[in-house]
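Visitor: Got a structure for you, target10.txt, holding compact mmCIF, C-alpha atoms.
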```
# COMPACT_ATOMS: atom_id res chain seq x y z
CA MET A 450 0.08 5.99 -21.69
CA ARG A 451 3.25 4.46 -20.22
CA THR A 452 5.21 7.60 -21.09
CA THR A 453 2.62 9.83 -19.44
CA LEU A 454 2.59 7.61 -16.36
CA LEU A 455 6.37 7.65 -16.23
CA CYS A 456 6.49 11.45 -16.55
CA ILE A 457 3.93 11.84 -13.75
CA THR A 458 5.89 9.48 -11.51
CA ILE A 459 9.17 11.28 -12.12
CA SER A 460 7.52 14.67 -11.57
CA VAL A 461 6.04 13.54 -8.26
CA LEU A 462 9.40 12.19 -7.14
CA ALA A 463 11.14 15.40 -8.16
CA LEU A 464 8.60 17.51 -6.28
CA PHE A 465 8.98 15.25 -3.27
CA GLN A 466 12.75 15.66 -3.37
CA ILE A 467 12.48 19.44 -3.78
CA ASN A 468 9.96 19.65 -0.96
CA CYS A 469 12.16 17.57 1.34
CA SER A 470 15.27 19.51 0.38
CA GLN A 471 13.98 23.01 0.94
CA ASN A 472 14.56 24.67 4.26
CA SER A 473 12.25 27.61 4.78
CA GLU A 474 13.01 30.17 7.43
CA ASN A 475 10.12 28.81 9.52
CA THR A 476 11.40 25.22 9.52
CA GLU A 477 14.05 24.13 11.95
CA ALA A 478 16.42 21.57 10.50
CA VAL A 479 17.47 18.53 12.50
CA ALA A 480 20.35 17.91 10.13
CA GLN A 481 21.78 18.83 6.76
CA VAL A 482 23.50 16.73 4.11
CA ASN A 483 24.80 18.92 1.29
CA SER A 484 21.71 20.83 0.06
CA TYR A 485 19.24 18.53 1.83
CA TYR A 486 17.75 19.79 5.08
CA MET A 487 15.86 17.36 7.30
CA SER A 488 13.03 19.17 9.05
CA VAL A 489 11.82 18.25 12.51
CA ASP A 490 8.51 17.10 10.97
CA ASP A 491 10.28 14.84 8.45
CA PHE A 492 12.42 13.35 11.21
CA LYS A 493 9.39 12.76 13.44
CA GLU A 494 7.64 11.03 10.53
CA ASP A 495 10.66 8.76 10.02
CA LEU A 496 10.74 8.02 13.77
CA LYS A 497 7.06 7.07 13.71
CA SER A 498 7.73 4.61 10.91
CA LEU A 499 10.74 3.21 12.73
CA SER A 500 8.80 2.89 15.98
CA LEU A 501 6.39 0.45 14.32
CA TYR A 502 9.01 -2.27 14.13
CA ARG A 503 11.65 -1.05 16.63
CA PRO A 504 9.69 0.92 19.29
CA ALA A 505 12.39 0.81 21.96
CA SER A 506 15.00 2.27 19.63
CA VAL A 507 13.31 5.69 19.36
CA LYS A 508 12.50 6.25 23.03
CA THR A 509 15.98 7.35 24.10
CA ALA A 510 18.14 10.22 22.89
CA GLU A 511 20.82 7.72 21.90
CA GLY A 512 18.28 5.68 19.94
CA ARG A 513 17.03 8.79 18.12
CA LEU A 514 20.62 9.78 17.31
CA ASN A 515 21.29 6.30 15.91
CA ALA A 516 18.09 6.54 13.85
CA LEU A 517 19.14 9.96 12.56
CA ASN A 518 22.56 8.62 11.59
CA ASP A 519 20.92 5.76 9.67
CA ILE A 520 18.59 8.18 7.88
CA LEU A 521 21.46 10.52 7.01
CA GLU A 522 23.53 7.62 5.72
CA LYS A 523 20.66 6.67 3.42
CA GLU A 524 20.43 10.29 2.25
CA ILE A 525 24.16 10.36 1.49
CA LEU A 526 23.79 7.16 -0.54
CA LEU A 527 20.73 8.54 -2.34
CA GLN A 528 22.65 11.68 -3.27
CA GLU A 529 25.52 9.53 -4.53
CA ALA A 530 23.11 7.45 -6.63
CA GLN A 531 21.66 10.65 -8.09
CA SER A 532 25.12 12.02 -8.86
CA LEU A 533 25.75 8.82 -10.84
CA ASN A 534 22.40 9.39 -12.64
CA LEU A 535 21.05 6.07 -11.42
CA ASP A 536 17.70 7.82 -10.92
CA LYS A 537 17.54 8.21 -14.70
CA ASP A 538 18.20 4.53 -15.37
CA GLU A 539 15.41 2.65 -17.16
CA LYS A 540 15.44 -0.15 -14.57
CA PHE A 541 14.93 2.41 -11.81
CA ARG A 542 12.06 4.04 -13.70
CA LYS A 543 10.37 0.69 -14.26
CA THR A 544 10.73 -0.16 -10.58
CA ILE A 545 9.19 3.18 -9.55
CA GLU A 546 6.41 2.77 -12.08
CA ASN A 547 5.62 -0.74 -10.77
CA TYR A 548 5.71 0.47 -7.17
CA TRP A 549 3.42 3.37 -8.06
CA LYS A 550 0.94 1.04 -9.77
CA GLN A 551 0.94 -1.46 -6.91
CA THR A 552 0.47 1.28 -4.32
CA LEU A 553 -2.36 2.81 -6.31
CA LEU A 554 -4.08 -0.57 -6.63
CA ILE A 555 -3.71 -1.24 -2.90
CA MET A 556 -5.18 2.17 -2.08
CA LEU A 557 -8.11 1.59 -4.45
CA ILE A 558 -8.88 -1.88 -3.07
CA GLU A 559 -8.60 -0.67 0.54
CA LYS A 560 -10.95 2.25 -0.21
CA LYS A 561 -13.50 0.01 -1.92
CA ALA A 562 -13.19 -2.67 0.79
CA LYS A 563 -14.04 -0.07 3.43
CA GLU A 564 -17.04 1.11 1.41
CA ILE A 565 -18.23 -2.46 0.99
CA SER A 566 -17.63 -3.34 4.63
CA ASP A 567 -19.81 -0.40 5.69
CA GLN A 568 -22.64 -1.76 3.51
CA VAL A 569 -22.54 -5.40 4.65
CA PHE A 570 -24.86 -6.67 7.33
CA VAL A 571 -25.28 -10.23 8.58
CA TYR A 572 -28.74 -11.11 9.85
CA ASP A 573 -29.73 -13.69 12.45
CA ASN A 574 -31.73 -15.73 9.93
CA GLU A 575 -28.58 -15.99 7.74
CA ILE A 576 -26.53 -17.19 10.71
CA GLN A 577 -29.21 -19.74 11.65
CA ALA A 578 -29.51 -21.02 8.05
CA TYR A 579 -25.71 -21.34 7.76
CA TYR A 580 -25.59 -23.16 11.10
CA LYS A 581 -28.39 -25.51 10.04
CA THR A 582 -26.54 -26.42 6.82
CA LEU A 583 -23.28 -26.81 8.72
CA LYS A 584 -24.93 -28.99 11.36
CA GLN A 585 -26.20 -31.37 8.64
CA THR A 586 -22.69 -31.94 7.31
CA ASN A 587 -21.00 -31.88 10.72
CA PRO A 588 -23.30 -32.95 13.59
CA ASP A 589 -20.50 -32.42 16.15
CA ILE A 590 -20.26 -28.69 15.40
CA GLY A 591 -21.50 -27.64 18.82
CA LEU A 592 -24.16 -25.17 19.88
CA LEU A 593 -25.05 -22.16 17.77
CA ALA A 594 -24.06 -19.84 20.62
CA GLU A 595 -20.54 -21.31 20.54
CA VAL A 596 -19.98 -20.78 16.81
CA ARG A 597 -22.20 -17.74 16.16
CA LEU A 598 -19.38 -15.19 15.87
CA GLU A 599 -17.31 -17.40 13.59
CA ILE A 600 -20.33 -18.04 11.34
CA LYS A 601 -21.07 -14.31 11.27
CA ARG A 602 -17.45 -13.62 10.28
CA ILE A 603 -17.61 -16.24 7.50
CA ILE A 604 -20.88 -14.89 6.10
CA ARG A 605 -19.59 -11.31 6.25
CA SER A 606 -16.40 -12.32 4.45
CA GLU A 607 -18.35 -14.18 1.75
CA LYS A 608 -20.64 -11.19 1.19
CA GLU A 609 -17.73 -8.73 1.03
CA THR A 610 -15.86 -10.95 -1.42
CA ALA A 611 -18.93 -11.31 -3.63
CA MET A 612 -19.52 -7.54 -3.61
CA MET A 613 -15.87 -6.87 -4.44
CA ARG A 614 -15.97 -9.34 -7.36
CA LYS A 615 -19.20 -7.74 -8.59
CA TRP A 616 -17.66 -4.26 -8.42
CA ILE A 617 -14.56 -5.40 -10.32
CA GLU A 618 -16.76 -6.95 -13.01
CA GLU A 619 -18.75 -3.70 -13.27
CA VAL A 620 -15.55 -1.72 -13.72
CA LYS A 621 -14.37 -4.19 -16.36
CA ASP A 622 -17.73 -3.99 -18.16
CA LYS A 623 -17.36 -0.20 -18.43
CA SER A 624 -13.89 -0.54 -19.96
CA TYR A 625 -12.92 -1.03 -23.58
CA ILE A 626 -10.78 -4.16 -23.75
CA LYS A 627 -9.38 -5.59 -26.96
CA VAL A 628 -7.00 -8.55 -27.05
CA ASN A 629 -4.99 -9.13 -30.20
CA GLU A 630 -4.96 -12.91 -30.20
CA ASP A 631 -2.55 -13.18 -33.14
CA VAL A 632 0.08 -11.21 -31.24
CA LEU A 633 -0.70 -13.05 -28.03
CA LYS A 634 -0.10 -16.42 -29.72
CA ARG A 635 3.32 -15.32 -30.99
CA ILE A 636 4.61 -14.25 -27.59
CA ASN A 637 7.22 -16.65 -26.29
CA LEU A 638 9.31 -16.12 -23.17
CA ASP A 639 12.04 -18.57 -24.16
```
Go ahead and express the file in the form of structure tokens.

Guide:
Amino acid sequence: MRTTLLCITISVLALFQINCSQNSENTEAVAQVNSYYMSVDDFKEDLKSLSLYRPASVKTAEGRLNALNDILEKEILLQEAQSLNLDKDEKFRKTIENYWKQTLLIMLIEKKAKEISDQVFVYDNEIQAYYKTLKQTNPDIGLLAEVRLEIKRIIRSEKETAMMRKWIEEVKDKSYIKVNEDVLKRINLD
């Protein structure tokens, strides 16, 4: 399983590198570093990412040139790392595999969270019941109209969390899981 996952990850990275490196006759290159051609679309994508945390730096021609120089410097260093076969190093592969897993998990949870969010409704009677319980423990809570939105948010969050936990348990229930307790007991990190 790990070997298959590793092979898939490396294949995807190789295809990504090949795709980024190719310069078709229809694609205008912003720059070239050895056999790597940066297309206008790739550069625009990098600028969009950069503009999220440094918006002013991509608005001027000088800022875009500085961004391009930074990107090209990274490409030069990546090519150097590849020439030293660092991309074949086991530590690198493990890092990529972990990143791939984490990204996949994030995408799955975000997808399921959206599905769940679309299914969750908070009704007035739930808000009133929550407020009534809250008022008993904290008489100074204020009027329902003042805290209605916050109560609605809390109830929604509780429902979404419960539905997510339920879904995770359902997925676990469909899975074959076997723990070898003898092996587990012998594992020592010292």

Visitor: Using all atoms listed in the file, which of the listed residues (A:Asp589, A:Glu599, A:Glu609, A:Glu630) sits closest to Phe570 of chain A?

Guide: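 Of the candidates, the smallest distance to Phe570 of chain A is held by A:Glu609.
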
Visitor: Determine, counting all atoms listed in the file, which protein, DNA and RNA residues have an atom within 12 Å of an atom of segment 509-513 of chain A; residues of the same chain fewer than 5 positions away are not included. Present the result as a PyMOL selection string.

Guide: chain A and resi 479+492-493+495-497+499-500+503-504+518-520

Visitor: Which distance in Å separates atom CA of Tyr580 of chain A and atom CA of Arg597 of chain A, to one decimal?

Guide: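 We find that atom CA of Tyr580 of chain A and atom CA of Arg597 of chain A lie 8.2 Å from each other.
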
Visitor: As an exercise, work out the distance from atom CA of Glu618 of chain A to atom CA of Tyr572 of chain A in Å and give it to one decimal place.

Guide: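 Answer for the atom CA of Glu618 of chain A to atom CA of Tyr572 of chain A separation: 26.1 Å.
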
Visitor: Please identify all polymer residues lying at most 10 Å from the point (-29.0, -15.4, 11.8) (file coordinates), using only C-alpha atoms, and present the result as a list in words.

Guide: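 All residues meeting the 10 Å criterion around (-29.0, -15.4, 11.8) are Val571, Tyr572, Asp573, Asn574, Glu575, Ile576, Gln577, Ala578, Tyr579, Tyr580, Leu593, Arg597, Ile600, Lys601 and Ile604 of chain A.
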
Visitor: Rounded to one decimal, what separation in Å do you get between atom CA of Glu529 of chain A and atom CA of Tyr485 of chain A?

Guide: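 Calculated distance between atom CA of Glu529 of chain A and atom CA of Tyr485 of chain A is 12.7 Å.
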